[in-house]
>>> print(open('model_25.csv').read())   # CSV, N, CA and C atoms
chain,number,residue,atom,x,y,z
U,1,MET,N,0.4,44.7,17.6
U,1,MET,CA,0.9,43.3,17.6
U,1,MET,C,1.6,43.1,16.2
U,2,THR,N,2.8,42.6,16.2
U,2,THR,CA,3.5,42.4,14.9
U,2,THR,C,2.9,41.1,14.2
U,3,LEU,N,3.3,41.0,12.9
U,3,LEU,CA,2.8,39.9,12.1
U,3,LEU,C,3.3,38.5,12.7
U,4,ILE,N,4.5,38.5,13.2
U,4,ILE,CA,5.1,37.3,13.8
U,4,ILE,C,4.3,37.0,15.1
U,5,GLU,N,4.0,38.0,15.9
U,5,GLU,CA,3.2,37.8,17.1
U,5,GLU,C,1.8,37.3,16.8
U,6,LYS,N,1.2,37.8,15.8
U,6,LYS,CA,-0.1,37.4,15.3
U,6,LYS,C,0.0,35.9,14.9
U,7,ARG,N,1.0,35.6,14.2
U,7,ARG,CA,1.2,34.2,13.7
U,7,ARG,C,1.4,33.3,14.8
U,8,HIS,N,2.2,33.6,15.8
U,8,HIS,CA,2.4,32.8,17.0
U,8,HIS,C,1.1,32.5,17.7
U,9,ALA,N,0.3,33.6,17.8
U,9,ALA,CA,-1.0,33.5,18.5
U,9,ALA,C,-2.0,32.6,17.7
U,10,ALA,N,-2.0,32.8,16.4
U,10,ALA,CA,-2.9,31.9,15.6
U,10,ALA,C,-2.5,30.5,15.6
U,11,VAL,N,-1.2,30.2,15.5
U,11,VAL,CA,-0.7,28.8,15.6
U,11,VAL,C,-1.0,28.2,16.9
U,12,ALA,N,-0.9,28.9,18.0
U,12,ALA,CA,-1.2,28.4,19.3
U,12,ALA,C,-2.7,28.1,19.4
U,13,ALA,N,-3.6,29.0,18.9
U,13,ALA,CA,-5.0,28.8,18.9
U,13,ALA,C,-5.4,27.6,18.1
U,14,LEU,N,-4.7,27.4,16.9
U,14,LEU,CA,-5.0,26.3,16.0
U,14,LEU,C,-4.6,25.0,16.7
U,15,LYS,N,-3.5,25.0,17.4
U,15,LYS,CA,-3.1,23.7,18.0
U,15,LYS,C,-4.0,23.4,19.2
U,16,GLU,N,-4.5,24.4,19.9
U,16,GLU,CA,-5.4,24.2,21.0
U,16,GLU,C,-6.8,23.6,20.4
U,17,ALA,N,-7.2,24.2,19.3
U,17,ALA,CA,-8.5,23.8,18.7
U,17,ALA,C,-8.4,22.4,18.2
U,18,GLN,N,-7.2,22.0,17.6
U,18,GLN,CA,-7.0,20.7,17.1
U,18,GLN,C,-7.0,19.7,18.2
U,19,ALA,N,-6.4,20.0,19.3
U,19,ALA,CA,-6.3,19.1,20.5
U,19,ALA,C,-7.7,18.9,21.0
U,20,GLN,N,-8.6,20.0,21.1
U,20,GLN,CA,-9.9,19.8,21.5
U,20,GLN,C,-10.7,18.9,20.6
U,21,VAL,N,-10.6,19.1,19.3
U,21,VAL,CA,-11.3,18.2,18.4
U,21,VAL,C,-10.9,16.8,18.5
U,22,GLU,N,-9.6,16.5,18.7
U,22,GLU,CA,-9.1,15.2,18.9
U,22,GLU,C,-9.7,14.6,20.2
U,23,ASN,N,-9.7,15.3,21.2
U,23,ASN,CA,-10.3,14.8,22.5
U,23,ASN,C,-11.8,14.5,22.3
U,24,ILE,N,-12.5,15.4,21.7
U,24,ILE,CA,-14.0,15.1,21.4
U,24,ILE,C,-14.1,13.9,20.5
U,25,ASP,N,-13.3,13.8,19.5
U,25,ASP,CA,-13.4,12.6,18.6
U,25,ASP,C,-13.1,11.3,19.5
U,26,ASP,N,-12.2,11.4,20.4
U,26,ASP,CA,-11.9,10.2,21.3
U,26,ASP,C,-13.2,9.9,22.1
U,27,LEU,N,-13.9,10.9,22.6
U,27,LEU,CA,-15.1,10.6,23.4
U,27,LEU,C,-16.2,10.1,22.5
U,28,ILE,N,-16.3,10.6,21.3
U,28,ILE,CA,-17.3,10.0,20.4
U,28,ILE,C,-17.0,8.6,20.1
U,29,TYR,N,-15.8,8.3,19.8
U,29,TYR,CA,-15.4,6.9,19.5
U,29,TYR,C,-15.7,6.0,20.6
U,30,ARG,N,-15.4,6.4,21.8
U,30,ARG,CA,-15.7,5.5,23.0
U,30,ARG,C,-17.2,5.2,23.1
U,31,GLU,N,-18.0,6.1,22.7
U,31,GLU,CA,-19.5,5.9,22.7
U,31,GLU,C,-19.9,5.0,21.6
U,32,VAL,N,-19.3,5.0,20.5
U,32,VAL,CA,-19.8,4.2,19.3
U,32,VAL,C,-18.9,3.0,18.9
U,33,LYS,N,-17.8,2.8,19.6
U,33,LYS,CA,-16.9,1.8,19.1
U,33,LYS,C,-17.4,0.4,19.0
U,34,ASP,N,-18.5,0.1,19.8
U,34,ASP,CA,-19.1,-1.3,19.6
U,34,ASP,C,-19.9,-1.4,18.3
U,35,ARG,N,-20.2,-0.3,17.7
U,35,ARG,CA,-20.9,-0.4,16.4
U,35,ARG,C,-20.0,-0.1,15.2
U,36,VAL,N,-18.7,-0.1,15.4
U,36,VAL,CA,-17.8,0.3,14.3
U,36,VAL,C,-17.0,-0.9,13.9
U,37,LYS,N,-16.8,-1.1,12.6
U,37,LYS,CA,-15.9,-2.1,12.0
U,37,LYS,C,-14.5,-1.9,12.4
U,38,GLN,N,-13.7,-3.0,12.6
U,38,GLN,CA,-12.3,-2.9,13.0
U,38,GLN,C,-11.5,-2.2,11.9
U,39,ILE,N,-11.8,-2.4,10.6
U,39,ILE,CA,-11.1,-1.8,9.5
U,39,ILE,C,-12.1,-1.4,8.5
U,40,GLY,N,-12.0,-0.1,8.0
U,40,GLY,CA,-12.9,0.4,7.0
U,40,GLY,C,-13.7,1.5,7.5
U,41,SER,N,-14.8,1.9,6.8
U,41,SER,CA,-15.7,3.0,7.1
U,41,SER,C,-17.0,2.5,7.7
U,42,THR,N,-17.5,3.1,8.7
U,42,THR,CA,-18.8,2.8,9.3
U,42,THR,C,-19.5,4.1,9.4
U,43,THR,N,-20.8,4.1,8.8
U,43,THR,CA,-21.6,5.3,9.0
U,43,THR,C,-22.7,4.9,10.0
U,44,LEU,N,-22.9,5.8,10.9
U,44,LEU,CA,-23.9,5.6,11.9
U,44,LEU,C,-24.5,6.9,12.4
U,45,GLU,N,-25.6,6.7,13.1
U,45,GLU,CA,-26.3,7.9,13.7
U,45,GLU,C,-25.8,8.0,15.2
U,46,PHE,N,-25.5,9.2,15.6
U,46,PHE,CA,-25.1,9.5,16.9
U,46,PHE,C,-25.5,10.9,17.3
U,47,GLU,N,-26.2,11.1,18.4
U,47,GLU,CA,-26.7,12.4,18.8
U,47,GLU,C,-27.3,13.2,17.7
U,48,ASN,N,-28.3,12.5,17.0
U,48,ASN,CA,-29.0,13.2,15.9
U,48,ASN,C,-28.1,13.7,14.8
U,49,ALA,N,-27.0,13.0,14.6
U,49,ALA,CA,-26.1,13.4,13.5
U,49,ALA,C,-25.6,12.1,12.8
U,50,THR,N,-25.2,12.2,11.6
U,50,THR,CA,-24.6,11.1,10.9
U,50,THR,C,-23.1,11.2,11.1
U,51,VAL,N,-22.5,10.1,11.6
U,51,VAL,CA,-21.1,10.1,11.9
U,51,VAL,C,-20.4,9.0,11.1
U,52,VAL,N,-19.3,9.3,10.4
U,52,VAL,CA,-18.6,8.3,9.7
U,52,VAL,C,-17.3,8.1,10.4
U,53,VAL,N,-17.0,6.9,10.8
U,53,VAL,CA,-15.8,6.5,11.5
U,53,VAL,C,-15.0,5.7,10.5
U,54,THR,N,-13.8,6.1,10.2
U,54,THR,CA,-13.0,5.4,9.2
U,54,THR,C,-11.7,5.0,9.9
U,55,ILE,N,-11.4,3.7,9.8
U,55,ILE,CA,-10.2,3.1,10.4
U,55,ILE,C,-9.5,2.5,9.2
U,56,PRO,N,-8.4,3.2,8.7
U,56,PRO,CA,-7.7,2.8,7.5
U,56,PRO,C,-6.9,1.5,7.8
U,57,LYS,N,-6.7,0.8,6.7
U,57,LYS,CA,-5.9,-0.5,6.7
U,57,LYS,C,-4.5,-0.1,6.2
U,58,THR,N,-3.6,-0.5,7.0
U,58,THR,CA,-2.2,-0.3,6.6
U,58,THR,C,-1.5,-1.7,6.4
U,59,VAL,N,-1.0,-1.8,5.2
U,59,VAL,CA,-0.4,-3.1,4.9
U,59,VAL,C,1.1,-2.8,4.6
U,60,LYS,N,2.0,-3.6,5.2
U,60,LYS,CA,3.4,-3.5,4.9
U,60,LYS,C,3.9,-4.9,4.5
U,61,TRP,N,4.8,-4.9,3.6
U,61,TRP,CA,5.3,-6.2,3.1
U,61,TRP,C,6.8,-6.2,3.5
U,62,ASP,N,7.2,-7.4,4.0
U,62,ASP,CA,8.6,-7.6,4.4
U,62,ASP,C,9.4,-7.7,3.1
U,63,GLN,N,10.3,-6.8,2.9
U,63,GLN,CA,11.1,-6.7,1.6
U,63,GLN,C,12.0,-7.9,1.4
U,64,PRO,N,12.8,-8.3,2.4
U,64,PRO,CA,13.6,-9.5,2.2
U,64,PRO,C,12.9,-10.8,1.9
U,65,ILE,N,11.7,-10.9,2.5
U,65,ILE,CA,10.9,-12.1,2.2
U,65,ILE,C,10.4,-12.0,0.8
U,66,LEU,N,9.9,-10.8,0.4
U,66,LEU,CA,9.4,-10.7,-1.0
U,66,LEU,C,10.5,-11.0,-2.0
U,67,ARG,N,11.7,-10.5,-1.7
U,67,ARG,CA,12.9,-10.8,-2.6
U,67,ARG,C,13.1,-12.3,-2.7
U,68,SER,N,13.0,-13.0,-1.6
U,68,SER,CA,13.2,-14.4,-1.6
U,68,SER,C,12.1,-15.1,-2.4
U,69,ILE,N,10.9,-14.7,-2.2
U,69,ILE,CA,9.7,-15.2,-3.0
U,69,ILE,C,10.0,-15.0,-4.5
U,70,ALA,N,10.4,-13.7,-4.8
U,70,ALA,CA,10.6,-13.4,-6.3
U,70,ALA,C,11.7,-14.3,-6.8
U,71,ASP,N,12.8,-14.6,-6.1
U,71,ASP,CA,13.8,-15.5,-6.5
U,71,ASP,C,13.3,-16.9,-6.8
U,72,LYS,N,12.4,-17.4,-5.9
U,72,LYS,CA,11.8,-18.7,-6.1
U,72,LYS,C,10.9,-18.7,-7.3
U,73,ILE,N,10.2,-17.7,-7.5
U,73,ILE,CA,9.3,-17.6,-8.7
U,73,ILE,C,10.1,-17.6,-10.0
U,74,LYS,N,11.2,-16.8,-10.0
U,74,LYS,CA,12.1,-16.7,-11.1
U,74,LYS,C,12.8,-18.1,-11.4
U,75,GLY,N,13.2,-18.7,-10.3
U,75,GLY,CA,13.8,-20.0,-10.4
U,75,GLY,C,12.9,-21.1,-10.9
U,76,SER,N,11.6,-21.0,-10.7
U,76,SER,CA,10.7,-22.0,-11.3
U,76,SER,C,10.3,-21.7,-12.7
U,77,GLY,N,10.9,-20.6,-13.3
U,77,GLY,CA,10.7,-20.3,-14.7
U,77,GLY,C,9.5,-19.3,-14.9
U,78,ASP,N,9.0,-18.8,-13.9
U,78,ASP,CA,7.9,-17.8,-14.0
U,78,ASP,C,8.4,-16.4,-13.8
U,79,ASP,N,7.6,-15.4,-14.2
U,79,ASP,CA,8.0,-14.0,-14.1
U,79,ASP,C,7.5,-13.4,-12.8
U,80,PRO,N,8.3,-13.1,-11.9
U,80,PRO,CA,7.9,-12.5,-10.6
U,80,PRO,C,7.1,-11.2,-10.7
U,81,GLU,N,7.3,-10.5,-11.8
U,81,GLU,CA,6.6,-9.2,-12.0
U,81,GLU,C,5.1,-9.4,-12.2
U,82,GLN,N,4.7,-10.6,-12.5
U,82,GLN,CA,3.3,-10.9,-12.6
U,82,GLN,C,2.6,-10.9,-11.2
U,83,TYR,N,3.4,-11.0,-10.2
U,83,TYR,CA,2.9,-11.1,-8.8
U,83,TYR,C,3.4,-10.0,-7.9
U,84,ILE,N,4.5,-9.5,-8.2
U,84,ILE,CA,5.2,-8.5,-7.3
U,84,ILE,C,5.5,-7.2,-8.1
U,85,GLU,N,5.1,-6.1,-7.5
U,85,GLU,CA,5.4,-4.8,-8.1
U,85,GLU,C,6.8,-4.4,-7.6
U,86,PHE,N,7.7,-4.1,-8.5
U,86,PHE,CA,9.1,-3.7,-8.2
U,86,PHE,C,9.2,-2.2,-8.4
U,87,LYS,N,9.7,-1.5,-7.3
U,87,LYS,CA,9.9,-0.1,-7.4
U,87,LYS,C,11.4,0.2,-7.2
U,88,LEU,N,12.0,0.7,-8.2
U,88,LEU,CA,13.5,1.0,-8.1
U,88,LEU,C,13.6,2.4,-7.5
U,89,ASN,N,14.6,2.6,-6.7
U,89,ASN,CA,14.8,3.9,-6.0
U,89,ASN,C,16.3,4.0,-5.8
U,90,VAL,N,16.7,5.3,-5.7
U,90,VAL,CA,18.1,5.6,-5.4
U,90,VAL,C,18.0,6.5,-4.2
U,91,LYS,N,18.7,6.2,-3.1
U,91,LYS,CA,18.7,7.1,-1.9
U,91,LYS,C,19.5,8.4,-2.3
U,92,GLU,N,18.9,9.5,-1.9
U,92,GLU,CA,19.5,10.8,-2.3
U,92,GLU,C,20.9,11.0,-1.7
U,93,ALA,N,21.0,10.5,-0.4
U,93,ALA,CA,22.3,10.6,0.2
U,93,ALA,C,23.4,9.8,-0.5
U,94,SER,N,23.0,8.6,-1.0
U,94,SER,CA,24.0,7.8,-1.8
U,94,SER,C,24.3,8.5,-3.1
U,95,PHE,N,23.3,9.1,-3.8
U,95,PHE,CA,23.5,9.8,-5.1
U,95,PHE,C,24.5,10.9,-4.9
U,96,LYS,N,24.3,11.7,-3.8
U,96,LYS,CA,25.2,12.8,-3.6
U,96,LYS,C,26.6,12.4,-3.3
U,97,ALA,N,26.8,11.2,-2.7
U,97,ALA,CA,28.2,10.7,-2.4
U,97,ALA,C,28.9,10.1,-3.6
U,98,TRP,N,28.2,9.8,-4.7
U,98,TRP,CA,28.8,9.1,-5.8
U,98,TRP,C,29.8,10.0,-6.5
U,99,PRO,N,30.7,9.4,-7.2
U,99,PRO,CA,31.6,10.1,-8.1
U,99,PRO,C,30.8,10.7,-9.3
U,100,GLU,N,31.3,11.8,-9.8
U,100,GLU,CA,30.6,12.5,-10.9
U,100,GLU,C,30.3,11.6,-12.1
U,101,ALA,N,31.2,10.7,-12.4
U,101,ALA,CA,31.0,9.8,-13.6
U,101,ALA,C,29.7,8.9,-13.4
U,102,ILE,N,29.5,8.4,-12.2
U,102,ILE,CA,28.4,7.6,-11.9
U,102,ILE,C,27.1,8.5,-11.8
U,103,LYS,N,27.2,9.6,-11.2
U,103,LYS,CA,26.0,10.6,-11.2
U,103,LYS,C,25.6,10.9,-12.6
U,104,THR,N,26.5,11.1,-13.5
U,104,THR,CA,26.1,11.4,-14.9
U,104,THR,C,25.3,10.3,-15.6
U,105,ILE,N,25.6,9.0,-15.2
U,105,ILE,CA,24.9,7.9,-15.8
U,105,ILE,C,23.4,7.9,-15.3
U,106,PHE,N,23.2,8.2,-14.0
U,106,PHE,CA,21.9,8.2,-13.4
U,106,PHE,C,21.1,9.5,-13.6
U,107,GLN,N,21.8,10.6,-13.9
U,107,GLN,CA,21.1,11.9,-14.0
U,107,GLN,C,19.8,11.9,-14.9
U,108,PRO,N,19.8,11.2,-16.1
U,108,PRO,CA,18.6,11.2,-16.9
U,108,PRO,C,17.4,10.6,-16.2
U,109,ALA,N,17.6,9.8,-15.2
U,109,ALA,CA,16.5,9.1,-14.5
U,109,ALA,C,16.0,9.9,-13.3
U,110,ARG,N,16.7,11.0,-13.0
U,110,ARG,CA,16.4,11.8,-11.8
U,110,ARG,C,15.7,13.1,-12.1
U,111,THR,N,14.6,13.3,-11.4
U,111,THR,CA,13.8,14.5,-11.5
U,111,THR,C,13.7,15.1,-10.1
U,112,VAL,N,14.0,16.4,-10.0
U,112,VAL,CA,13.9,17.1,-8.7
U,112,VAL,C,12.7,18.1,-8.9
U,113,THR,N,11.8,18.1,-8.0
U,113,THR,CA,10.7,19.0,-8.0
U,113,THR,C,10.5,19.6,-6.6
U,114,PRO,N,10.1,20.9,-6.5
U,114,PRO,CA,9.9,21.4,-5.1
U,114,PRO,C,8.8,20.8,-4.4
U,115,GLY,N,9.0,20.6,-3.1
U,115,GLY,CA,7.9,20.1,-2.2
U,115,GLY,C,7.0,21.1,-1.8
U,116,LYS,N,6.1,20.7,-0.8
U,116,LYS,CA,5.1,21.7,-0.3
U,116,LYS,C,5.7,22.7,0.5
U,117,ARG,N,5.4,23.9,0.3
U,117,ARG,CA,5.9,25.1,1.1
U,117,ARG,C,5.5,25.0,2.5
U,118,ARG,N,6.5,25.2,3.4
U,118,ARG,CA,6.2,25.3,4.8
U,118,ARG,C,7.0,26.5,5.4
U,119,ILE,N,6.3,27.2,6.3
U,119,ILE,CA,6.9,28.3,6.9
U,119,ILE,C,7.0,28.0,8.4
U,120,GLU,N,8.1,28.1,9.0
U,120,GLU,CA,8.3,27.8,10.4
U,120,GLU,C,8.9,29.1,11.0
U,121,VAL,N,8.4,29.5,12.1
U,121,VAL,CA,9.0,30.7,12.8
U,121,VAL,C,9.4,30.2,14.1
U,122,LYS,N,10.7,30.5,14.4
U,122,LYS,CA,11.3,30.1,15.7
U,122,LYS,C,11.6,31.3,16.4
U,123,ALA,N,11.4,31.3,17.7
U,123,ALA,CA,11.7,32.5,18.6
U,123,ALA,C,13.2,32.7,18.7
>>> encode(input="model_25.csv", output="structure tokens")
Amino acid sequence: MTLIEKRHAAVAALKEAQAQVENIDDLIYREVKDRVKQIGSTTLEFENATVVVTIPKTVKWDQPILRSIADKIKGSGDDPEQYIEFKLNVKEASFKAWPEAIKTIFQPARTVTPGKRRIEVKA
């Protein structure tokens, strides 16, 4: 068996095992859901084992509404940065499309680092 074939087999086995774990987790959750908080971590005993069920909280803020609120705060003479965290960002596609003169101005603020390595094998 070649290394690529071994890798394909291992990836398939891993996906199958992950699917089994997810199915079992769903079954466990069905059994304990009445004892679990809607958001946060709950530690409980189940089948002679300690089980921790964590349901994360996801919060999203509407950006146009926040901008409107910031404008109102600023208009009243207060500093919106006391209440709102501002994160400046430049879209990479926009940066690439800019003329060189504009890119040069922004270049000192731009850092490029490699991301997490990923290997994908396609047949």
>>> atom_distance(input="model_25.csv", atom1="atom CA of Gln63 of chain U", atom2="atom CA of Ala109 of chain U")
23.2 Å
>>> select_by_dssp(input="model_25.csv", residues="chain U", states="alpha helix (DSSP H)", output="count of residues only")
56
>>> residues_around(input="model_25.csv", residues="segment 81-90 of chain U", least_positions_apart="6", cutoff="8 Å", atoms="all atoms listed in the file", output="list of chain:residue names")
U:Leu66, U:Ala70, U:Ile73, U:Lys74
>>> atom_distance(input="model_25.csv", atom1="atom C of Pro56 of chain U", atom2="atom CA of Gly40 of chain U")
6.2 Å
>>> closest_residue(input="model_25.csv", among="U:Val32, U:Ile65, U:Ile105, U:Ala12", to="Val52 of chain U", atoms="only C-alpha atoms")
U:Val32
>>> select_by_dssp(input="model_25.csv", residues="chain U", states="strand (DSSP E)", output="PyMOL selection string")
chain U and resi 40-46+49-55
>>> atom_distance(input="model_25.csv", atom1="atom C of Lys57 of chain U", atom2="atom C of Val36 of chain U")
14.7 Å
>>> decode(input="model_25.csv", residues="segment 35-48 of chain U", atoms="N, CA and C atoms", output="PDB file, in the first residue's frame")
ATOM      1  N   ARG U  35     -31.282  18.292  32.195  1.00  0.00           N
ATOM      2  CA  ARG U  35     -30.434  18.707  33.324  1.00  0.00           C
ATOM      3  C   ARG U  35     -29.337  19.690  32.908  1.00  0.00           C
ATOM      4  N   VAL U  36     -29.380  20.158  31.657  1.00  0.00           N
ATOM      5  CA  VAL U  36     -28.314  20.993  31.109  1.00  0.00           C
ATOM      6  C   VAL U  36     -28.795  22.437  30.958  1.00  0.00           C
ATOM      7  N   LYS U  37     -27.917  23.385  31.339  1.00  0.00           N
ATOM      8  CA  LYS U  37     -28.218  24.810  31.139  1.00  0.00           C
ATOM      9  C   LYS U  37     -28.298  25.118  29.649  1.00  0.00           C
ATOM     10  N   GLN U  38     -29.120  26.122  29.293  1.00  0.00           N
ATOM     11  CA  GLN U  38     -29.243  26.489  27.881  1.00  0.00           C
ATOM     12  C   GLN U  38     -27.937  27.025  27.314  1.00  0.00           C
ATOM     13  N   ILE U  39     -27.208  27.784  28.116  1.00  0.00           N
ATOM     14  CA  ILE U  39     -25.917  28.338  27.699  1.00  0.00           C
ATOM     15  C   ILE U  39     -24.944  28.173  28.851  1.00  0.00           C
ATOM     16  N   GLY U  40     -23.715  27.766  28.525  1.00  0.00           N
ATOM     17  CA  GLY U  40     -22.685  27.595  29.543  1.00  0.00           C
ATOM     18  C   GLY U  40     -22.330  26.130  29.713  1.00  0.00           C
ATOM     19  N   SER U  41     -21.600  25.833  30.788  1.00  0.00           N
ATOM     20  CA  SER U  41     -21.161  24.465  31.067  1.00  0.00           C
ATOM     21  C   SER U  41     -21.965  23.864  32.206  1.00  0.00           C
ATOM     22  N   THR U  42     -22.310  22.607  32.035  1.00  0.00           N
ATOM     23  CA  THR U  42     -23.012  21.852  33.067  1.00  0.00           C
ATOM     24  C   THR U  42     -22.237  20.560  33.291  1.00  0.00           C
ATOM     25  N   THR U  43     -21.896  20.287  34.542  1.00  0.00           N
ATOM     26  CA  THR U  43     -21.214  19.047  34.888  1.00  0.00           C
ATOM     27  C   THR U  43     -22.218  18.151  35.592  1.00  0.00           C
ATOM     28  N   LEU U  44     -22.326  16.912  35.127  1.00  0.00           N
ATOM     29  CA  LEU U  44     -23.291  16.000  35.726  1.00  0.00           C
ATOM     30  C   LEU U  44     -22.786  14.576  35.647  1.00  0.00           C
ATOM     31  N   GLU U  45     -23.430  13.718  36.430  1.00  0.00           N
ATOM     32  CA  GLU U  45     -23.085  12.297  36.417  1.00  0.00           C
ATOM     33  C   GLU U  45     -24.032  11.583  35.457  1.00  0.00           C
ATOM     34  N   PHE U  46     -23.470  10.716  34.618  1.00  0.00           N
ATOM     35  CA  PHE U  46     -24.267   9.942  33.680  1.00  0.00           C
ATOM     36  C   PHE U  46     -23.560   8.611  33.449  1.00  0.00           C
ATOM     37  N   GLU U  47     -24.270   7.523  33.663  1.00  0.00           N
ATOM     38  CA  GLU U  47     -23.715   6.177  33.483  1.00  0.00           C
ATOM     39  C   GLU U  47     -22.373   6.011  34.195  1.00  0.00           C
ATOM     40  N   ASN U  48     -22.361   6.406  35.474  1.00  0.00           N
ATOM     41  CA  ASN U  48     -21.174   6.271  36.328  1.00  0.00           C
ATOM     42  C   ASN U  48     -19.963   7.039  35.809  1.00  0.00           C
TER      43      ASN U  48
END
